[in-house]
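Written out below as C-alpha cells is the structure these notes cover.
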Amino acid sequence: MSKFKKKKSGDLPAISTASLPDIVFMLLFFFMVATVMRENTLMIENKLPVANQVEKLDKKNLVMYIYAGKPSSRYKSSAGTQARIQLNDKFAEIEEIAPFVLAERASKREEEIPFLITALKVDGETNMGLVGDIKKELREVQALKINYTTRIGDAADNLK
Amino acid sequence: MARRAAPEVNAGSMADIAFLLLIFFLVTTTIETDSGISRKLPPPVDEQEKPPILKEKNIFVVEVNKNNDLLVEEAPMELSELRAAAVAFLDNGGGKGDDACNYCQGAKDPASSDNPTKAVISLRNNRETSYATYIAVQNELVAAYNELRNRVAMQLYNKTFIQMEKDLNDVNYPGNKEKLKDQIKRIQELYPEKLSEAEPKK
C-alpha cells in the first residue's frame with residue numbers, strides 16, 4: 001500500500017476555456033465593425049451579376065437604389081412571378097421612378113444634387129426590357145449618372 | 001475595523017453574453033455590395049434633332065439577341081473574343097490626313113475605324129436579353145477602353161489609368177491633384193468612351 005497514488009495515465013486533463021471569451025469577443029468586434037445595417041428589406045430575388053471592371057461607390061448618402069427582379073417566394077402570390085421594380089420598401093410601377101428620383105433629390109442639399117448616382121441593383125435573370133424602361137425613365141428626369149451594381153468576379157461566369 | 005476585500009465578480013457568464021451578441025451580429029450582417037460598372041446615360045433627345053451622320057466603318061455594332069447570343073458586326077462571336085475585337089476596332093487608326101492617329105498601334109485597316117475619337121461602339125439589345133449577359137458584354141467593352149487607356153497612360157505618365165483614377169480619389173495622394181486631373185482628361189480625350197446604347201428592340 002503506497003501512500004502516494006499514482007495518477008491514472010488514461011485521464012486527459014480538462015482543456016482550459018479561460019481564453020474562450022477573448023476569442024468570442026474578437027469575433028464579436030469584427031462583426032460589429034463589419035456590419036452594415038440593411039436600409040431596405042428586399043422583396044425581390046437579387047442575385048447580382050458579376051463583372052471585373054468595377055468602380056467603388058463612395059459617399060453612400062449620395063446613392064439612391066433601384067432594385068429589380070422577380071418577387072421572392074413570400075411575395076409571389078401577391079406580386080406575381082414577373083420581374084418587378086422595388087423602390088424603398090415596396091413594389092413600384094415604372095411611372096413611380098420619376099417621382100422617387102425627385103423626392104430623393106428634394107431630400108438632399110442643393111450642392112449635392114449634381115453628384116447623385118442611381119445604383120441599379122438588378123437580378124441577373126431579369127430581361128433587359130425592364131432595365132431599358134428604367135433607364136428611359138431616368139433619362140427623362142435627368143438622372144444620368146448610373147451604376148450597375150455587380151459582384152466582383154469573372155464576367156464569363158454570367159453566361160453559365 | 002478590518003476592511004473586507006470586495007468579493008471578486010464571477011466572470012464565468014461573460015462568454016455567454018459575448019456569444020449572444022456575436023450571434024446577433026452574425027445574423028444581421030449582410031456584406032453589402034457597393035461596387036459596379038459606372039455609366040452615364042445620354043440626356044433626353046428632341047424628336048426634331050437629327051442624329052449626327054457617322055461613317056459606317058466608324059461604328060462597331062455589338063448586338064445581344066433574345067437568346068443571349070452575341071453578334072458583332074452581324075457575325076456570331078464568343079464573349080471571350082469580344083475584348084480583343086473591340087480593342088482592334090478602337091485602336092485601328094486607319095484615317096489619313098486630319099483623321100490620322102499617331103498614337104494608335106492597330107492594323108491601320110482602311111475598312112475599320114479612322115481614329116479612336118471617331119470610333120463609336122453601338123450596343124444593341126433585345127427586350128428579352130438577360131441582364132447578366134448584358135452586364136458581361138458591357139464589362140468586356142469597358143475593359144477594352146480601360147486596356148487602351150492604361151496603355152497610353154503608361155506611355156505618357158508611366159502609370160496605369162486605373163491607378164491615376166484611384167489616386168484622384170485618394171485623400172492622401174502626395175502629388176498635385178490639379179495636374180493629375182488634367183492628365184486624366186488628356187487620356188480621356190485620346191480614347192473617349194463612346195459607347196452608345198440603343199433603345200431595346202421589341
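Identifiers in the C-alpha cells: chain A, B, ... in order shown; residue index from 1 per chain; ligand index from 1 in order shown.
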
Residue hits in chain B, query chain A, radius 7 Å, only C-alpha atoms, as number ranges by chain: B: 14-15, 18-19, 21-22, 25-26, 29-31, 33-44, 126-133, 136, 139, 142-143, 199-200

Those of segment 66-168 of chain B in DSSP alpha helix (DSSP H), formatted as number ranges by chain: B: 79-90, 131-157, 161-168

Please produce a file of those selected residues containing C-alpha atoms, as an mmCIF file, in the first residue's frame.
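Ended up saving to out-v5.cif:
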data_model
loop_
_atom_site.group_PDB
_atom_site.id
_atom_site.type_symbol
_atom_site.label_atom_id
_atom_site.label_comp_id
_atom_site.auth_asym_id
_atom_site.auth_seq_id
_atom_site.Cartn_x
_atom_site.Cartn_y
_atom_site.Cartn_z
ATOM 1 C CA LEU B 79 -17.693 36.631 -75.271
ATOM 2 C CA SER B 80 -14.025 35.875 -74.638
ATOM 3 C CA GLU B 81 -13.087 37.270 -78.060
ATOM 4 C CA LEU B 82 -15.080 40.464 -77.696
ATOM 5 C CA ARG B 83 -12.476 42.440 -75.798
ATOM 6 C CA ALA B 84 -9.748 41.830 -78.344
ATOM 7 C CA ALA B 85 -12.133 42.643 -81.200
ATOM 8 C CA ALA B 86 -13.174 45.919 -79.569
ATOM 9 C CA VAL B 87 -9.555 46.885 -78.914
ATOM 10 C CA ALA B 88 -8.631 46.109 -82.523
ATOM 11 C CA PHE B 89 -11.511 48.273 -83.747
ATOM 12 C CA LEU B 90 -10.864 51.247 -81.470
ATOM 13 C CA TYR B 131 -29.403 41.351 -67.676
ATOM 14 C CA ALA B 132 -26.470 39.136 -66.703
ATOM 15 C CA THR B 133 -25.438 38.703 -70.340
ATOM 16 C CA TYR B 134 -25.798 42.398 -70.951
ATOM 17 C CA ILE B 135 -23.552 43.188 -67.984
ATOM 18 C CA ALA B 136 -20.992 40.661 -69.193
ATOM 19 C CA VAL B 137 -20.876 42.398 -72.588
ATOM 20 C CA GLN B 138 -20.736 45.873 -71.021
ATOM 21 C CA ASN B 139 -17.901 44.666 -68.821
ATOM 22 C CA GLU B 140 -15.874 43.474 -71.799
ATOM 23 C CA LEU B 141 -16.396 46.743 -73.672
ATOM 24 C CA VAL B 142 -15.411 48.848 -70.661
ATOM 25 C CA ALA B 143 -12.407 46.558 -70.270
ATOM 26 C CA ALA B 144 -11.394 47.291 -73.877
ATOM 27 C CA TYR B 145 -11.451 51.033 -73.225
ATOM 28 C CA ASN B 146 -9.562 50.582 -69.956
ATOM 29 C CA GLU B 147 -6.917 48.473 -71.681
ATOM 30 C CA LEU B 148 -6.230 51.183 -74.270
ATOM 31 C CA ARG B 149 -6.281 53.956 -71.693
ATOM 32 C CA ASN B 150 -3.911 52.031 -69.465
ATOM 33 C CA ARG B 151 -1.535 51.555 -72.361
ATOM 34 C CA VAL B 152 -1.427 55.203 -73.352
ATOM 35 C CA ALA B 153 -1.194 56.263 -69.692
ATOM 36 C CA MET B 154 1.818 54.003 -69.223
ATOM 37 C CA GLN B 155 3.474 55.601 -72.240
ATOM 38 C CA LEU B 156 2.767 59.192 -71.244
ATOM 39 C CA TYR B 157 2.881 59.177 -67.456
ATOM 40 C CA PHE B 161 -5.135 54.866 -65.934
ATOM 41 C CA ILE B 162 -6.845 52.860 -63.185
ATOM 42 C CA GLN B 163 -4.091 53.881 -60.768
ATOM 43 C CA MET B 164 -4.465 57.527 -61.778
ATOM 44 C CA GLU B 165 -8.196 57.451 -61.078
ATOM 45 C CA LYS B 166 -7.544 55.752 -57.770
ATOM 46 C CA ASP B 167 -5.021 58.442 -56.857
ATOM 47 C CA LEU B 168 -7.517 61.146 -57.723
#

Residues flagged strand (DSSP E or B) by DSSP in segment 24-95 of chain A, as a ChimeraX atom specification: /A:44,50-51,55-56,63-69,71,84-87,90-92

Please, could you write that set of residues out with C-alpha atoms as a PDB file, in the first residue's frame?
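Contents of result.pdb, as written:
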ATOM      1  CA  ILE A  44     -37.318  40.501 -54.714  1.00  0.00           C
ATOM      2  CA  VAL A  50     -20.558  39.626 -61.816  1.00  0.00           C
ATOM      3  CA  ALA A  51     -18.096  41.982 -63.504  1.00  0.00           C
ATOM      4  CA  GLU A  55     -15.701  51.229 -59.579  1.00  0.00           C
ATOM      5  CA  LYS A  56     -16.438  51.510 -55.915  1.00  0.00           C
ATOM      6  CA  VAL A  63     -26.556  56.996 -53.830  1.00  0.00           C
ATOM      7  CA  MET A  64     -30.158  56.077 -54.472  1.00  0.00           C
ATOM      8  CA  TYR A  65     -31.017  52.470 -55.038  1.00  0.00           C
ATOM      9  CA  ILE A  66     -33.433  50.984 -57.505  1.00  0.00           C
ATOM     10  CA  TYR A  67     -33.970  47.261 -57.138  1.00  0.00           C
ATOM     11  CA  ALA A  68     -35.483  44.981 -59.737  1.00  0.00           C
ATOM     12  CA  GLY A  69     -36.041  41.274 -60.042  1.00  0.00           C
ATOM     13  CA  PRO A  71     -40.597  38.755 -56.421  1.00  0.00           C
ATOM     14  CA  ARG A  84     -40.822  43.917 -60.671  1.00  0.00           C
ATOM     15  CA  ILE A  85     -39.197  47.123 -59.524  1.00  0.00           C
ATOM     16  CA  GLN A  86     -38.707  47.857 -55.871  1.00  0.00           C
ATOM     17  CA  LEU A  87     -38.267  51.375 -54.552  1.00  0.00           C
ATOM     18  CA  LYS A  90     -42.443  48.480 -51.688  1.00  0.00           C
ATOM     19  CA  PHE A  91     -43.066  47.288 -55.188  1.00  0.00           C
ATOM     20  CA  ALA A  92     -43.382  50.095 -57.687  1.00  0.00           C
TER      21      ALA A  92
END

Interatomic distance, atom CA of Ile134 of chain A to atom CA of Glu73 of chain B (Å, one decimal): 27.2 Å

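Ranking A:Leu116, A:Val101, A:Lys108, A:Asn40 by their shortest atom-to-atom distance to Asn88 of chain A, with only C-alpha atoms included, puts A:Asn40 first.
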
Residue neighbourhood Glu74 of chain B, 10 Å, only C-alpha atoms, exclusion window fewer than 6 positions, as a list of chain:residue names: B:Val61, B:Val62, B:Glu63

Selection file, C-alpha atoms, as a PDB file, in the first residue's frame:
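Done, and the output landed in out00.pdb:
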ATOM      1  CA  VAL B  61     -22.152  47.116 -83.819  1.00  0.00           C
ATOM      2  CA  VAL B  62     -22.453  44.744 -80.872  1.00  0.00           C
ATOM      3  CA  GLU B  63     -25.795  43.067 -80.590  1.00  0.00           C
TER       4      GLU B  63
END
